[in-house]
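Remarks on the structure that follows.
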Amino acid sequence: MTSSHGFHPYHLVDMSPWPLTGSISAMMLTTGLIKWFHQYNMNLLILSIFAILLTMYQWWRDITREGTFQGLHTSVVIKGLRWGMILFIASEVLFFFSFFWAFFHSSLAPTIEIGMNWPPYGIQPFNPFQIPLLNTTILLSSGATVTWAHHAIMEANHTQAIQSLGLTILLGFYFTLLQAFEYIEAPFTIADSVFGSTFFVATGFHGLHVIIGTSFLLICFLRMFFCHFSSNHHVGFEAAAWYWHFVDVVWLFLYVFIYWWGG
Amino acid sequence: MNAESGGTQLLLLLLLARKGEVPTMSEAIMSSQMETAPFDPRFPNQNQTKYCYQSYVDFHRCQKLKGEEYEPCQYFKKVFRSVCPNAWVEKWDEQLENGSFPSKI
């Protein structure tokens, strides 16, 4: 086992500016959002997004250097990284739980303001057996291809790993494309009753997570291209795959309850 | 108070009149009008908002189906007049007029 400071397996991190730049730009992001909402001026928001992107790029570049090139991610460190990812995904589950709570609160006993009906009178929901069903098959297929990629990595089959991970990313991109099309064609907006609010907040945050997950997989694709992953050390890929499965499961709940039952 | 019980009370008044025991005006008011909406087991909660709304909708659906002259529809009106805040009824009347009422009549 190697580490930066002698005979123990722990990774004692070096001084880094990224926690500081990350905190400052996160504060700038919230302030910039308020400034945008109140003054219709996006300059602070754009600056903060740029600062966050720079922080993310450099922080994760450093982590890749420490883990892949300096060998600082020992089996004990990996255990911590895995737990970190598990707890992060658990907190994401709770995040989506709140939107489902809002949805069921509004739909199980609809108030008189929406005519005690769900969907509310005048709302035309999507047909769940058209694009949403296609999107369900796309995400389920992408779950299969990401597992294929994992097995290809474990068997050190670089060609198949590149192909299957590339296919996963394409499926993720196709999902986003279809959702964008669905949003453009939607006969209701986020401002049309509590149906529109709960629908677009829940599916919108899911869409954001699909984009984040696709980016995560895309980074893994590039790292795979540069041979960062070995058959027994590919924590970054595993974390991306877990995240992707999480996004997939959230979609299944969205599909069954909001698109199908709720439509 | 529904149309049927209104008829029964009228019959009772006629019987009393024949016996020469015509009730006074105040007694008549007390017996015929001091009545609130009955308990409806579809709305068992203390919050009667949905009972109010449903009765308002039922009244207008009843009138649409049976015509404005159909007396039994008045039962629903008596209920929502008794249970609903007047401001709500005024708001819904306006919504019905401008086509923004949230239920199909």
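Residue numbering restarts at 1 for every chain of the structure tokens, chains are lettered A, B, ... in their displayed order, and ligands are numbered from 1 as they appear.
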### Message
Please identify all residues of chain B having at least one atom at most 10 Å from any atom of chain A, considering only C-alpha atoms, and return them as a PyMOL selection string.
### Response
chain B and resi 49-54+57+100-104
Convert the current residue selection to file output with N, CA and C atoms, as a PDB file, in the first residue's frame.
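Dumped everything to out.pdb:
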ATOM      1  N   THR B  49     -65.161  21.846   2.960  1.00  0.00           N
ATOM      2  CA  THR B  49     -64.905  22.562   1.711  1.00  0.00           C
ATOM      3  C   THR B  49     -65.384  21.778   0.499  1.00  0.00           C
ATOM      4  N   LYS B  50     -65.072  20.471   0.474  1.00  0.00           N
ATOM      5  CA  LYS B  50     -65.415  19.684  -0.710  1.00  0.00           C
ATOM      6  C   LYS B  50     -66.919  19.420  -0.808  1.00  0.00           C
ATOM      7  N   TYR B  51     -67.604  19.351   0.337  1.00  0.00           N
ATOM      8  CA  TYR B  51     -69.064  19.227   0.344  1.00  0.00           C
ATOM      9  C   TYR B  51     -69.668  20.466  -0.311  1.00  0.00           C
ATOM     10  N   CYS B  52     -69.152  21.636   0.078  1.00  0.00           N
ATOM     11  CA  CYS B  52     -69.604  22.909  -0.478  1.00  0.00           C
ATOM     12  C   CYS B  52     -69.412  22.929  -1.974  1.00  0.00           C
ATOM     13  N   TYR B  53     -68.185  22.625  -2.424  1.00  0.00           N
ATOM     14  CA  TYR B  53     -67.855  22.704  -3.853  1.00  0.00           C
ATOM     15  C   TYR B  53     -68.690  21.712  -4.664  1.00  0.00           C
ATOM     16  N   GLN B  54     -68.779  20.475  -4.153  1.00  0.00           N
ATOM     17  CA  GLN B  54     -69.512  19.435  -4.882  1.00  0.00           C
ATOM     18  C   GLN B  54     -70.986  19.828  -5.037  1.00  0.00           C
ATOM     19  N   VAL B  57     -71.291  22.421  -7.793  1.00  0.00           N
ATOM     20  CA  VAL B  57     -71.171  21.768  -9.103  1.00  0.00           C
ATOM     21  C   VAL B  57     -72.439  20.964  -9.409  1.00  0.00           C
ATOM     22  N   SER B 100     -63.832  30.181 -16.732  1.00  0.00           N
ATOM     23  CA  SER B 100     -62.607  29.710 -16.074  1.00  0.00           C
ATOM     24  C   SER B 100     -62.916  28.831 -14.865  1.00  0.00           C
ATOM     25  N   PHE B 101     -64.152  28.390 -14.728  1.00  0.00           N
ATOM     26  CA  PHE B 101     -64.502  27.509 -13.613  1.00  0.00           C
ATOM     27  C   PHE B 101     -63.818  26.156 -13.814  1.00  0.00           C
ATOM     28  N   PRO B 102     -63.163  25.618 -12.730  1.00  0.00           N
ATOM     29  CA  PRO B 102     -62.312  24.442 -12.924  1.00  0.00           C
ATOM     30  C   PRO B 102     -63.030  23.097 -13.054  1.00  0.00           C
ATOM     31  N   SER B 103     -64.373  23.071 -13.087  1.00  0.00           N
ATOM     32  CA  SER B 103     -65.053  21.785 -13.285  1.00  0.00           C
ATOM     33  C   SER B 103     -65.962  21.847 -14.507  1.00  0.00           C
ATOM     34  N   LYS B 104     -66.185  20.676 -15.092  1.00  0.00           N
ATOM     35  CA  LYS B 104     -67.084  20.576 -16.237  1.00  0.00           C
ATOM     36  C   LYS B 104     -68.512  20.558 -15.707  1.00  0.00           C
TER      37      LYS B 104
END
### Message
At a cut-off of 12 Å, using only C-alpha atoms, what residues contact Gly67 of chain A? Leave out same-chain residues fewer than 6 positions from it and give the result as a list in words.
### Response
Thr2, Ser3, Ser4, His11, Val13, Trp60, Arg61, His73, Thr74, Ser75, Val77, Ile78, Leu81, His228, Phe229, His233, His234, Val235 and Gly236 of chain A
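Between atom CA of Gln163 of chain A and atom CA of Leu72 of chain A there is a distance of 29.5 Å.
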### Query
Mind pulling up the distance from atom CA of Ser23 of chain A to atom CA of Leu222 of chain A?
27.4 Å
### Task
Quick one: everything within 10 Å of Phe76 of chain B, counting only C-alpha atoms, minus sequence neighbours fewer than 2 positions away in the same chain. Send it as an MDAnalysis selection string.
chainID B and resid 1:2 37 52 54:60 62 72:74 78:82
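The shell of residues at most 12 Å from Leu177 of chain A, with only C-alpha atoms counted and near chain neighbours (fewer than 5 positions) removed, consists of Ile131, Asn135, Ile138, Leu170, Leu171, Gly172, Glu182, Tyr183, Ile184, Gly207, Val210 and Ile211 of chain A.
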Mind dumping the selected residues with C-alpha atoms as a JSON list (two decimals), in the first residue's frame?
[["chain", "number", "residue", "atom", "x", "y", "z"],
["A", 131, "ILE", "CA", -42.42, 9.24, -26.35],
["A", 135, "ASN", "CA", -37.71, 6.89, -23.36],
["A", 138, "ILE", "CA", -33.97, 3.85, -24.09],
["A", 170, "LEU", "CA", -25.55, 8.01, -27.27],
["A", 171, "LEU", "CA", -28.67, 6.51, -25.63],
["A", 172, "GLY", "CA", -28.42, 9.11, -22.86],
["A", 182, "GLU", "CA", -41.54, 16.63, -25.68],
["A", 183, "TYR", "CA", -41.06, 19.86, -23.69],
["A", 184, "ILE", "CA", -41.26, 21.99, -26.86],
["A", 207, "GLY", "CA", -33.58, 15.67, -17.09],
["A", 210, "VAL", "CA", -29.60, 12.69, -17.04],
["A", 211, "ILE", "CA", -27.42, 15.46, -18.47]]
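The coordinates place atom CA of Val76 of chain A at 13.2 Å from atom CA of Phe7 of chain A.
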